[in-house]
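> Before anything else, here's the structure in question.
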Amino acid sequence: KYRDRAIVVLFLTYGLRVSELQQLNLSSFNFSRGEFRIYRKRGKEVLMPINKTCERVIKEYVENERPNIHSEDVVDKDALFLSLQKKRMTIRAIRNLTKKYTSHVMGLDKDNGFSPHKLRATAATSLIQQGFSIYDVQNLLDHDNITTTQLYAAHRKDVKREIVKN
């Protein structure tokens with residue numbers, strides 16, 4: 001499904017919190033400017049650049065799968081991710097869908113898929129392993145305290161060996 005893929009790609013690319021993904025709207029995206037707006041904790045709004053992969057999966061979902069809602073009395077018509085009832089997906093539904101989709105992709109039992117938070121952690125760890133600054137990752141993930149981000153850096157194996165070798 002286009003929706004499932006779009007959700008997982010957003011989690012893995014931006015390390016979004018499930019609440020941040022759930023609050024995304026169609027109007028959050030400005031493809032001509034290459035950015036989208038996310039609503040962080042404590043009411044903060046942040047503009048994020050959108051890469052070509054994310055742009056493609058969002059557009060595919062909107063064009064091929066997302067129901068069109070024209071009625072003025074529909075509250076959630078701007079919500080990006082809609083349920084089958086054409087309402088904004090709940091956080092619980094997003095968690096269930098994420099576990100189901102990731103378990104399917106990995107060939108595991110549906111209860112063994114990744115949670116949205118595991119995808120957030122995977123994004124953080126991956127960025128740190130690619131050499132991005134822990135402070136840049138902190139900024140992307142909106143961590144208040146650097147020690148939270150350092151937990152993801154601890155996942156790097158053989159760092160001391162790499163440092164000494166190089």
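Ligands are numbered from 1 in the order shown, residues from 1 within each chain, and chains are lettered A, B, ... in the order they appear in the structure tokens.
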Identify, with DSSP run on backbone atoms, the residues in chain A assigned to helix (DSSP H, G or I), and express the list as a PyMOL selection string.

chain A and resi 2-14+18-22+26-28+41-43+52-64+91-106+110-112+116-129+134-141+146-153+159-165

> I'd like the neighbourhood of A:Ala123 as a list in words, where a residue qualifies if any of its atoms comes within 12 Å (using only C-alpha atoms), though same-chain residues fewer than 3 positions away should be ignored.

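Everything that qualifies: Val8, Val9, Leu10, Phe11, Leu12, Thr13, Tyr14, Gly15, Leu16, Arg17, Pro116, His117, Lys118, Leu119, Arg120, Ser126, Leu127, Ile128, Gln129, Gln130, Phe132, Val137, Gln138, Leu140, Leu141, Thr149, Tyr152 and Ala153 of chain A.
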
> Atom CA of A:Arg5 and atom CA of A:Val57 are how many Å apart?

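For atom CA of A:Arg5 relative to atom CA of A:Val57, the distance reads 7.1 Å.
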
> For a quick check of understanding, using only C-alpha atoms, which of A:Lys165, A:His143, A:Arg95, A:Arg42 has the smallest distance to A:Gln22?

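Once distances to A:Gln22 are computed over only C-alpha atoms, the minimum belongs to A:Arg95.
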
> Of the candidates A:Ala93, A:Asp109, A:Ala6, A:Ile146, which one gets nearest to A:Glu60 if we count only C-alpha atoms?

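Closest candidate: A:Ala6.
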
> Find the residues near A:Arg66: any atom within 10 Å, counting only C-alpha atoms, skip ones fewer than 3 places away on the same chain, and give them as a PyMOL selection string.

chain A and resi 2-3+58-63+69+80-84+86

> With N, CA, C and O atoms kept, could you save the residues just selected as a short mmCIF file (atom, residue, chain, number, x, y, z; two decimals), in the first residue's frame?


data_model
loop_
_atom_site.label_atom_id
_atom_site.label_comp_id
_atom_site.auth_asym_id
_atom_site.auth_seq_id
_atom_site.Cartn_x
_atom_site.Cartn_y
_atom_site.Cartn_z
N TYR A 2 0.40 2.24 -0.71
CA TYR A 2 1.14 3.50 -0.79
C TYR A 2 1.20 4.20 0.57
O TYR A 2 2.21 4.77 0.94
N ARG A 3 0.09 4.17 1.30
CA ARG A 3 0.04 4.85 2.61
C ARG A 3 1.06 4.24 3.57
O ARG A 3 1.81 4.97 4.22
N ILE A 58 4.90 10.36 -0.92
CA ILE A 58 3.72 11.14 -0.50
C ILE A 58 2.82 11.40 -1.70
O ILE A 58 1.60 11.21 -1.64
N LYS A 59 3.40 11.82 -2.82
CA LYS A 59 2.60 12.09 -4.02
C LYS A 59 1.92 10.82 -4.52
O LYS A 59 0.76 10.85 -4.94
N GLU A 60 2.64 9.69 -4.52
CA GLU A 60 2.03 8.43 -4.95
C GLU A 60 0.84 8.07 -4.08
O GLU A 60 -0.20 7.65 -4.58
N TYR A 61 0.99 8.23 -2.78
CA TYR A 61 -0.12 7.93 -1.86
C TYR A 61 -1.31 8.84 -2.14
O TYR A 61 -2.45 8.38 -2.27
N VAL A 62 -1.06 10.14 -2.25
CA VAL A 62 -2.16 11.10 -2.45
C VAL A 62 -2.85 10.85 -3.79
O VAL A 62 -4.08 10.87 -3.88
N GLU A 63 -2.07 10.60 -4.83
CA GLU A 63 -2.64 10.44 -6.17
C GLU A 63 -3.32 9.07 -6.37
O GLU A 63 -4.32 8.98 -7.08
N ILE A 69 -11.73 14.01 -0.45
CA ILE A 69 -12.81 14.45 0.42
C ILE A 69 -13.19 15.87 0.00
O ILE A 69 -12.38 16.78 0.09
N LEU A 80 -3.40 14.25 6.27
CA LEU A 80 -2.67 13.50 5.25
C LEU A 80 -3.05 12.02 5.28
O LEU A 80 -3.43 11.46 4.26
N PHE A 81 -2.96 11.42 6.45
CA PHE A 81 -3.22 9.99 6.55
C PHE A 81 -4.62 9.75 7.10
O PHE A 81 -4.92 10.12 8.23
N LEU A 82 -5.44 9.12 6.27
CA LEU A 82 -6.84 8.87 6.62
C LEU A 82 -7.09 7.39 6.84
O LEU A 82 -6.49 6.54 6.20
N SER A 83 -8.03 7.12 7.73
CA SER A 83 -8.49 5.75 7.96
C SER A 83 -9.50 5.39 6.87
O SER A 83 -9.88 6.24 6.05
N LEU A 84 -9.95 4.16 6.89
CA LEU A 84 -10.97 3.73 5.93
C LEU A 84 -12.28 4.50 6.13
O LEU A 84 -13.08 4.62 5.21
N LYS A 86 -12.41 7.59 6.52
CA LYS A 86 -12.09 8.93 6.03
C LYS A 86 -11.94 9.94 7.17
O LYS A 86 -12.32 11.10 7.06
#

> DSSP on the backbone, then: every residue of chain A marked strand (DSSP E), written as a PyMOL selection string.

chain A and resi 29-30+35-39+45-49

> Please identify every residue of stretch 90-153 of chain A that has at least one atom no farther than 12 Å from an atom of stretch 23-36 of chain A, counting only C-alpha atoms, and for each give the shortest atom pair and the distance in Å to one decimal, arranged by chain then increasing number, as a tab-separated table.


residue	atom	partner	partner_atom	distance
A:Thr90	CA	A:Gln23	CA	9.5
A:Ile91	CA	A:Gln23	CA	9.4
A:Ile94	CA	A:Gln23	CA	11.3

> Rounded to one decimal place, report the atom CA of A:Lys87-atom CA of A:Glu55 distance in Å.

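Computing the Euclidean distance for atom CA of A:Lys87 and atom CA of A:Glu55 yields 22.6 Å.
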
> One decimal, in Å: what's the spacing between atom CA of A:Ser133 and atom CA of A:Ser19?

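Atom-to-atom, atom CA of A:Ser133 and atom CA of A:Ser19 are spaced 25.2 Å apart.
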
> With only C-alpha atoms as the basis for distance, which of A:Ser115, A:Asp4, A:Asn145, A:Val164 is at the shortest distance from A:Glu65?

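Closest to A:Glu65 of all the choices is A:Asp4.
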
> Skipping near chain neighbours, those fewer than 6 positions away, what residues fall within 12 Å of A:His104 using only C-alpha atoms, listed as an mmCIF file with all heavy atoms, in the first residue's frame?


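This is the output file part-v1.cif:
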data_model
loop_
_atom_site.group_PDB
_atom_site.id
_atom_site.type_symbol
_atom_site.label_atom_id
_atom_site.label_comp_id
_atom_site.auth_asym_id
_atom_site.auth_seq_id
_atom_site.Cartn_x
_atom_site.Cartn_y
_atom_site.Cartn_z
ATOM 1 N N LYS A 1 0.821 -1.192 0.000
ATOM 2 C CA LYS A 1 0.000 0.000 0.000
ATOM 3 C C LYS A 1 0.857 1.244 0.000
ATOM 4 O O LYS A 1 1.877 1.313 0.671
ATOM 5 C CB LYS A 1 -0.880 0.022 1.242
ATOM 6 C CG LYS A 1 -2.067 -0.879 1.198
ATOM 7 C CD LYS A 1 -2.873 -0.626 2.458
ATOM 8 C CE LYS A 1 -4.287 -1.060 2.231
ATOM 9 N NZ LYS A 1 -5.148 -0.673 3.320
ATOM 10 N N ASP A 4 1.102 2.924 3.644
ATOM 11 C CA ASP A 4 2.017 2.243 4.565
ATOM 12 C C ASP A 4 3.469 2.599 4.253
ATOM 13 O O ASP A 4 4.259 2.888 5.145
ATOM 14 C CB ASP A 4 1.831 0.727 4.479
ATOM 15 C CG ASP A 4 0.410 0.285 4.754
ATOM 16 O OD1 ASP A 4 -0.450 1.148 5.054
ATOM 17 O OD2 ASP A 4 0.137 -0.924 4.661
ATOM 18 N N ARG A 5 3.792 2.574 2.970
ATOM 19 C CA ARG A 5 5.161 2.890 2.554
ATOM 20 C C ARG A 5 5.502 4.344 2.896
ATOM 21 O O ARG A 5 6.585 4.628 3.397
ATOM 22 C CB ARG A 5 5.321 2.639 1.061
ATOM 23 C CG ARG A 5 6.722 2.844 0.572
ATOM 24 C CD ARG A 5 6.894 2.489 -0.864
ATOM 25 N NE ARG A 5 5.601 2.463 -1.537
ATOM 26 C CZ ARG A 5 5.386 1.941 -2.728
ATOM 27 N NH1 ARG A 5 6.364 1.383 -3.359
ATOM 28 N NH2 ARG A 5 4.207 1.973 -3.288
ATOM 29 N N LEU A 97 -0.388 -0.284 12.112
ATOM 30 C CA LEU A 97 -0.043 -0.361 10.696
ATOM 31 C C LEU A 97 1.474 -0.476 10.524
ATOM 32 O O LEU A 97 1.952 -1.267 9.715
ATOM 33 C CB LEU A 97 -0.560 0.905 10.014
ATOM 34 C CG LEU A 97 -0.311 1.052 8.530
ATOM 35 C CD1 LEU A 97 -1.486 1.781 7.910
ATOM 36 C CD2 LEU A 97 0.972 1.795 8.275
ATOM 37 N N THR A 98 2.225 0.285 11.305
ATOM 38 C CA THR A 98 3.688 0.261 11.216
ATOM 39 C C THR A 98 4.231 -1.115 11.577
ATOM 40 O O THR A 98 5.086 -1.665 10.867
ATOM 41 C CB THR A 98 4.301 1.343 12.134
ATOM 42 O OG1 THR A 98 3.748 2.610 11.775
ATOM 43 C CG2 THR A 98 5.803 1.394 12.002
ATOM 44 N N LYS A 110 3.491 -10.973 12.373
ATOM 45 C CA LYS A 110 2.998 -9.593 12.425
ATOM 46 C C LYS A 110 3.184 -8.918 13.786
ATOM 47 O O LYS A 110 3.186 -7.700 13.876
ATOM 48 C CB LYS A 110 1.538 -9.508 11.994
ATOM 49 C CG LYS A 110 0.554 -10.099 12.950
ATOM 50 C CD LYS A 110 -0.841 -9.887 12.417
ATOM 51 C CE LYS A 110 -1.859 -10.405 13.427
ATOM 52 N NZ LYS A 110 -3.212 -10.085 13.019
ATOM 53 N N ASP A 111 3.359 -9.678 14.840
ATOM 54 C CA ASP A 111 3.591 -9.089 16.156
ATOM 55 C C ASP A 111 5.046 -8.686 16.373
ATOM 56 O O ASP A 111 5.383 -8.066 17.372
ATOM 57 C CB ASP A 111 3.165 -10.069 17.262
ATOM 58 C CG ASP A 111 1.673 -10.345 17.226
ATOM 59 O OD1 ASP A 111 0.910 -9.422 16.862
ATOM 60 O OD2 ASP A 111 1.270 -11.471 17.553
ATOM 61 N N ASN A 112 5.923 -9.067 15.450
ATOM 62 C CA ASN A 112 7.353 -8.796 15.606
ATOM 63 C C ASN A 112 7.857 -7.643 14.741
ATOM 64 O O ASN A 112 9.062 -7.478 14.586
ATOM 65 C CB ASN A 112 8.163 -10.063 15.315
ATOM 66 C CG ASN A 112 7.932 -11.126 16.363
ATOM 67 O OD1 ASN A 112 7.803 -10.818 17.544
ATOM 68 N ND2 ASN A 112 7.844 -12.364 15.942
ATOM 69 N N GLY A 113 6.938 -6.864 14.181
ATOM 70 C CA GLY A 113 7.343 -5.711 13.391
ATOM 71 C C GLY A 113 7.880 -4.605 14.284
ATOM 72 O O GLY A 113 7.872 -4.707 15.508
ATOM 73 N N PHE A 114 8.346 -3.547 13.654
ATOM 74 C CA PHE A 114 8.914 -2.418 14.380
ATOM 75 C C PHE A 114 7.831 -1.430 14.770
ATOM 76 O O PHE A 114 6.927 -1.139 13.993
ATOM 77 C CB PHE A 114 9.947 -1.697 13.525
ATOM 78 C CG PHE A 114 11.264 -2.413 13.396
ATOM 79 C CD1 PHE A 114 11.477 -3.670 13.934
ATOM 80 C CD2 PHE A 114 12.310 -1.819 12.723
ATOM 81 C CE1 PHE A 114 12.696 -4.321 13.816
ATOM 82 C CE2 PHE A 114 13.533 -2.445 12.591
ATOM 83 C CZ PHE A 114 13.729 -3.693 13.142
#
